[in-house]
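Trainee: model_21.cif is reproduced in full below (mmCIF, C-alpha atoms).
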data_structure
#
loop_
_atom_site.label_atom_id
_atom_site.label_comp_id
_atom_site.auth_asym_id
_atom_site.auth_seq_id
_atom_site.Cartn_x
_atom_site.Cartn_y
_atom_site.Cartn_z
CA TYR A 1 -9.72 62.30 1.38
CA SER A 2 -9.36 64.05 4.72
CA ARG A 3 -9.02 60.96 6.93
CA LYS A 4 -5.51 59.65 7.45
CA THR A 5 -6.29 56.06 6.53
CA THR A 6 -2.76 55.07 5.42
CA PRO A 7 -0.25 56.55 7.89
CA GLU A 8 2.29 53.74 7.42
CA MET A 9 2.40 54.06 3.65
CA ASP A 10 2.45 57.85 3.96
CA LYS A 11 5.71 57.55 5.92
CA ILE A 12 7.40 55.88 2.96
CA LYS A 13 5.48 57.55 0.13
CA ASP A 14 8.71 58.68 -1.53
CA GLU A 15 9.74 55.03 -1.84
CA LEU A 16 6.47 53.93 -3.45
CA VAL A 17 5.26 53.74 -7.03
CA ARG A 18 1.54 54.54 -7.01
CA PHE A 19 -0.79 53.09 -9.63
CA SER A 20 -3.48 55.73 -10.04
CA ASP A 21 -5.64 54.19 -12.77
CA VAL A 22 -6.38 50.55 -11.96
CA ARG A 23 -9.38 48.54 -13.16
CA SER A 24 -10.51 45.12 -12.03
CA ALA A 25 -11.67 42.62 -14.62
CA SER A 26 -14.29 41.24 -12.23
CA ILE A 27 -16.23 42.10 -9.09
CA TYR A 28 -15.70 38.56 -7.82
CA THR A 29 -12.50 37.47 -6.12
CA VAL A 30 -12.07 34.10 -7.78
CA ASP A 31 -12.30 35.60 -11.28
CA ALA A 32 -10.26 38.71 -10.47
CA VAL A 33 -7.46 36.63 -8.94
CA ARG A 34 -7.33 34.47 -12.05
CA TYR A 35 -6.90 37.53 -14.28
CA ILE A 36 -4.23 38.99 -11.98
CA LEU A 37 -2.14 35.87 -11.45
CA THR A 38 -2.49 33.95 -14.70
CA ALA A 39 -2.40 34.43 -18.46
CA SER A 40 -6.20 34.20 -18.55
CA ASP A 41 -8.13 37.23 -19.82
CA VAL A 42 -11.71 38.50 -19.82
CA ASN A 43 -12.50 36.28 -22.79
CA GLN A 44 -12.18 33.32 -20.42
CA ALA A 45 -9.05 31.97 -22.06
CA PRO A 46 -7.89 28.76 -20.39
CA VAL A 47 -5.27 29.08 -17.68
CA LYS A 48 -1.98 28.10 -19.30
CA TYR A 49 0.30 29.00 -16.42
CA THR A 50 0.24 31.05 -13.24
CA PHE A 51 2.59 33.72 -11.98
CA SER A 52 3.59 31.34 -9.19
CA SER A 53 4.28 28.44 -11.54
CA ALA A 54 6.40 30.70 -13.77
CA CYS A 55 8.44 31.79 -10.74
CA LYS A 56 8.73 28.17 -9.69
CA GLN A 57 10.15 27.22 -13.06
CA ALA A 58 12.59 30.11 -12.74
CA GLY A 59 13.90 28.58 -9.52
CA TYR A 60 12.15 30.67 -6.86
CA TRP A 61 11.23 29.32 -3.42
CA ILE A 62 7.56 30.19 -2.95
CA VAL A 63 5.34 30.79 0.06
CA SER A 64 1.59 31.33 -0.31
CA ALA A 65 -0.73 32.53 2.46
CA THR A 66 -4.39 33.46 2.58
CA SER A 67 -6.89 34.69 5.14
CA GLN A 68 -9.85 34.08 2.88
CA GLY A 69 -11.87 30.89 3.07
CA HIS A 70 -11.82 27.81 0.88
CA TRP A 71 -15.54 27.54 0.14
CA GLY A 72 -17.09 26.85 -3.25
CA ARG A 73 -15.23 28.27 -6.23
CA MET A 74 -12.65 29.82 -3.92
CA ARG A 75 -10.96 26.43 -4.00
CA ASN A 76 -9.65 27.64 -7.35
CA TRP A 77 -7.46 30.01 -5.31
CA GLU A 78 -5.51 27.02 -4.03
CA GLN A 79 -5.09 25.68 -7.56
CA LEU A 80 -4.01 29.07 -8.95
CA VAL A 81 -1.66 30.14 -6.21
CA MET A 82 -0.97 27.52 -3.57
CA GLY A 83 -0.39 24.58 -5.88
CA PRO A 84 3.28 25.24 -6.72
CA ALA A 85 4.21 26.70 -3.31
CA ASP A 86 6.95 25.25 -1.14
CA VAL A 87 5.06 26.50 1.94
CA SER A 88 1.36 27.35 1.97
CA PHE A 89 -1.08 28.06 4.76
CA SER A 90 -4.39 29.69 5.60
CA VAL A 91 -5.14 31.81 8.65
CA HIS A 92 -7.95 29.36 9.34
CA ASP A 93 -5.36 26.60 9.84
CA LEU A 94 -3.66 28.49 12.66
CA ASP A 95 -4.30 27.44 16.24
CA ILE A 96 -5.61 30.76 17.54
CA PRO A 97 -8.49 30.58 20.06
CA ARG A 98 -10.24 33.78 18.90
CA THR A 99 -11.42 35.53 15.75
CA LYS A 100 -8.61 35.47 13.20
CA TYR A 101 -7.47 38.55 11.28
CA ASP A 102 -5.08 39.33 8.43
CA THR A 103 -2.28 40.24 10.82
CA ASP A 104 -2.30 36.66 12.15
CA LEU A 105 -0.65 35.67 8.88
CA LEU A 106 2.45 37.71 9.67
CA PRO A 107 4.28 35.46 12.19
CA PRO A 108 4.16 32.31 10.02
CA LEU A 109 4.86 34.40 6.92
CA PHE A 110 7.96 35.96 8.49
CA LYS A 111 9.09 32.51 9.65
CA ALA A 112 8.71 31.15 6.14
CA LEU A 113 10.59 34.06 4.60
CA ARG A 114 13.46 33.44 7.02
CA SER A 115 13.90 29.96 5.57
CA SER A 116 17.50 28.94 5.15
CA ASP A 117 16.79 27.90 1.57
CA SER A 118 19.28 29.70 -0.63
CA ARG A 119 16.93 30.23 -3.57
CA LEU A 120 15.32 33.59 -4.33
CA LYS A 121 12.04 33.87 -2.45
CA MET A 122 8.60 34.95 -3.61
CA ALA A 123 5.49 35.28 -1.45
CA VAL A 124 1.86 35.62 -2.52
CA VAL A 125 -0.41 36.83 0.29
CA HIS A 126 -4.18 37.08 -0.12
CA LEU A 127 -5.92 39.18 2.54
CA MET A 128 -9.50 39.70 3.63
CA GLY A 129 -8.55 43.38 3.61
CA SER A 130 -11.63 45.52 3.03
CA HIS A 131 -13.92 42.68 2.08
CA MET A 132 -17.51 42.81 3.27
CA LYS A 133 -18.60 42.60 6.08
CA PHE A 134 -16.24 45.44 6.92
CA GLN A 135 -16.87 45.37 10.66
CA ASN A 136 -15.46 41.82 10.83
CA GLN A 137 -12.08 42.63 9.29
CA CYS A 138 -10.57 44.87 11.97
CA PRO A 139 -10.27 44.12 15.71
CA ALA A 140 -12.37 46.47 17.82
CA ASP A 141 -9.33 47.63 19.81
CA GLN A 142 -7.58 48.75 16.62
CA ARG A 143 -10.37 50.82 15.13
CA ALA A 144 -9.35 54.36 14.28
CA TRP A 145 -13.00 55.47 13.94
CA ALA A 146 -15.84 54.34 16.19
CA PRO A 147 -18.98 53.11 14.38
CA ASP A 148 -20.91 56.24 15.40
CA PHE A 149 -18.09 58.71 14.60
CA ILE A 150 -19.23 61.68 12.50
CA ASP A 151 -17.11 64.08 10.45
CA GLU A 152 -17.15 65.73 7.03
CA CYS A 153 -16.52 62.37 5.37
CA ASN A 154 -19.80 60.80 6.44
CA ARG A 155 -22.12 63.36 8.04
CA ASN A 156 -24.34 63.57 4.95
CA PHE A 157 -25.17 59.86 5.06
CA ASP A 158 -27.85 58.07 7.03
CA VAL A 159 -26.83 56.19 10.18
CA GLN A 160 -26.30 52.80 8.55
CA ILE A 161 -24.17 54.13 5.69
CA ARG A 162 -22.24 56.35 8.09
CA GLU A 163 -21.30 53.30 10.15
CA ASN A 164 -20.45 51.43 6.97
CA VAL A 165 -18.01 54.15 5.94
CA ASN A 166 -16.38 54.10 9.38
CA HIS A 167 -15.98 50.32 9.32
CA TYR A 168 -14.58 50.45 5.78
CA ASP A 169 -12.04 53.13 6.65
CA ASN A 170 -10.97 51.03 9.63
CA THR A 171 -10.20 48.14 7.29
CA ILE A 172 -8.03 50.41 5.14
CA HIS A 173 -6.20 51.65 8.25
CA PHE A 174 -5.75 48.05 9.48
CA THR A 175 -4.42 46.86 6.12
CA ASP A 176 -2.03 49.81 6.09
CA ALA A 177 -0.67 48.61 9.45
CA PHE A 178 -0.24 45.11 7.99
CA LEU A 179 1.68 46.47 5.02
CA GLY A 180 3.83 48.63 7.27
CA LYS A 181 4.90 45.59 9.29
CA LEU A 182 5.62 43.63 6.13
CA VAL A 183 7.72 46.44 4.65
CA ARG A 184 9.73 46.74 7.87
CA HIS A 185 10.37 43.00 7.86
CA LEU A 186 11.59 43.05 4.27
CA LYS A 187 13.87 45.98 5.00
CA SER A 188 15.29 44.31 8.09
CA SER A 189 16.13 41.15 6.15
CA GLY A 190 19.04 42.91 4.46
CA ASN A 191 18.09 41.37 1.11
CA PRO A 192 17.06 43.34 -1.99
CA SER A 193 13.25 43.16 -1.94
CA PHE A 194 10.16 44.69 -3.46
CA MET A 195 6.46 44.40 -2.72
CA VAL A 196 3.42 44.85 -4.97
CA TYR A 197 0.02 45.49 -3.39
CA VAL A 198 -3.14 45.39 -5.47
CA SER A 199 -6.85 45.03 -4.79
CA ASP A 200 -8.75 42.27 -6.59
CA HIS A 201 -11.98 44.30 -6.76
CA GLY A 202 -13.55 47.43 -5.31
CA GLU A 203 -16.18 48.21 -2.70
CA THR A 204 -18.53 51.20 -2.41
CA PRO A 205 -19.49 51.54 1.25
CA GLU A 206 -21.02 54.99 0.80
CA THR A 207 -23.74 53.65 -1.52
CA GLY A 208 -24.83 50.62 0.46
CA ILE A 209 -23.91 48.48 -2.55
CA VAL A 210 -20.66 46.85 -1.63
CA ARG A 211 -19.41 45.49 -4.95
CA CYS A 212 -18.15 47.97 -7.52
CA SER A 213 -19.03 47.50 -11.14
CA THR A 214 -16.08 47.39 -13.52
CA ASP A 215 -17.18 50.13 -15.88
#
Please express the file's structure as structure tokens.
Mentor:
Amino acid sequence: YSRKTTPEMDKIKDELVRFSDVRSASIYTVDAVRYILTASDVNQAPVKYTFSSACKQAGYWIVSATSQGHWGRMRNWEQLVMGPADVSFSVHDLDIPRTKYDTDLLPPLFKALRSSDSRLKMAVVHLMGSHMKFQNQCPADQRAWAPDFIDECNRNFDVQIRENVNHYDNTIHFTDAFLGKLVRHLKSSGNPSFMVYVSDHGETPETGIVRCSTD
């Protein structure tokens, strides 16, 4: 892909392990998160334990943060991830008098990770990332590509899809900036650390159909 959508991760590419063949078990967040963070599988096996609860039993101090909402079945997110946390918060709980974005999670997340608690720490962070509507996930002043920008990546699409591709690529670029800040914080802590980043489902902005099928 000719656009430089991940400059922060490109800087540290030699330090990364890239998963090149990843499939989601669902196109819906609440189901995909269950499969990622629990022992549940696509046969709808009951949730016996979560990754967070296993870490809790192992003695970890846990922080959970999300910038997604708590509507409908998404309340299951709190049960799956936030239940066993020592500190948990949503971006929607923050007192910020403007539209809230993923990066607004970083200050309280960094504060939580600096806790004086001596236990090993584990954080689970759930972003809006590149979720539809793409244009709402990146501040206008941090867009790398204007909505009407045209290049070889989108010139063969109609106007609406072209804008969709630009907005989507901006979300990737914005998430890359988020991850870059998080990596720098972990490195500066002086503690042995690792980070795993994974998408819960895909999007297909170039087709006009935003949710990817799983086959």
Trainee: Would you work out the distance separating CA of Gly202 (chain A) from CA of Ser130 (chain A), expressed in Å to one decimal?
Mentor: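 Going from CA of Gly202 (chain A) over to CA of Ser130 (chain A) covers 8.8 Å.
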Trainee: Compile a residue-level contact table for region 127-158 of chain A against region 60-66 of chain A at a cut-off of 12 Å, reporting for every qualifying residue the shortest atom pair and its distance in Å to one decimal, with all atoms listed in the file counted, rows ordered by chain and ascending number, as CSV.
Mentor:
residue,atom,partner,partner_atom,distance
A:Leu127,CA,A:Thr66,CA,5.9
A:Met128,CA,A:Thr66,CA,8.1
A:Gly129,CA,A:Thr66,CA,10.8
Trainee: Exactly which residues make up the result of the PyMOL selection byres ((chain A and resi 22-25) around 8) on this file, given as a list in words?
Mentor: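 On the file shown, the PyMOL selection byres ((chain A and resi 22-25) around 8) covers Phe19, Ser20, Asp21, Ser26, Ile27, Asp31, Ala32, Tyr35, Val42, Asp200, His201, Gly202 and Thr214 of chain A.
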Trainee: Record the distance separating CA of Leu105 (chain A) and CA of His126 (chain A), expressed in Å with one decimal.
Mentor: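 Atom-to-atom, CA of Leu105 (chain A) to CA of His126 (chain A), that is 9.8 Å.
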Trainee: Using CA of Val91 (chain A) and CA of Asp104 (chain A) as the two end points, give the distance in Å to one decimal.
Mentor: 6.6 Å
Trainee: In terms of the shortest atom-to-atom distance over all atoms listed in the file, which of A:Met9, A:Asp169, A:Val125, A:Asp151 is closest to Leu37 (chain A)?
Mentor: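 Using all atoms listed in the file, Leu37 (chain A) sits closest to A:Val125.
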Trainee: Would you pick out the contacts of Arg114 (chain A) at 12 Å or less, using only C-alpha atoms, so that residues sharing its chain but fewer than 5 positions from it are not included, and give the list as a list in words?
Mentor: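 With the cut-off at 12 Å, the set is Trp61, Val63, Pro107, Pro108, Leu109, Arg119, Leu120, Lys121, Met122, Ala123, His185, Leu186, Ser188, Ser189, Gly190 and Asn191 of chain A.
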Trainee: Would you please work out which residue, of A:Lys111, A:His92, A:Arg34, A:His131, is nearest to Thr171 (chain A) when using all atoms listed in the file?
Mentor: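 For Thr171 (chain A), the nearest of the given residues is A:His131.
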Trainee: Could you give me the axis-aligned bounding box of region 144-151 of chain A, with 6 Å of padding per side, as centre plus edge lengths in Å to one decimal, as JSON?
Mentor:
{"center_x": -15.1, "center_y": 58.6, "center_z": 13.3, "size_x": 23.6, "size_y": 23.0, "size_z": 17.7}
Trainee: Given the choices A:Cys138, A:Val183, A:Ile150, A:Leu16, which gets closest to Tyr168 (chain A) if the distance is worked out from all atoms listed in the file?
Mentor: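 Between A:Cys138, A:Val183, A:Ile150, A:Leu16, the residue approaching Tyr168 (chain A) most closely is A:Cys138.
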Trainee: Give as a VMD selection string the residues that the PyMOL selection byres ((chain A and resi 3) around 10) matches when applied to the coordinates above.
Mentor: chain A and resid 1 to 2 4 to 7 144 to 145 151 to 153 169 173
Trainee: With distances taken over all atoms listed in the file, which residue among A:Lys181, A:Pro205, A:Phe134, A:Leu94 lies nearest Arg162 (chain A)?
Mentor: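 Using all atoms listed in the file, Arg162 (chain A) sits closest to A:Pro205.
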Trainee: Show me the residues close to (-27.4, 52.5, 4.0) - anything with an atom within 7 Å, counting only C-alpha atoms - and format the list as an MDAnalysis selection string.
Mentor: chainID A and resid 158 160:161 207:208
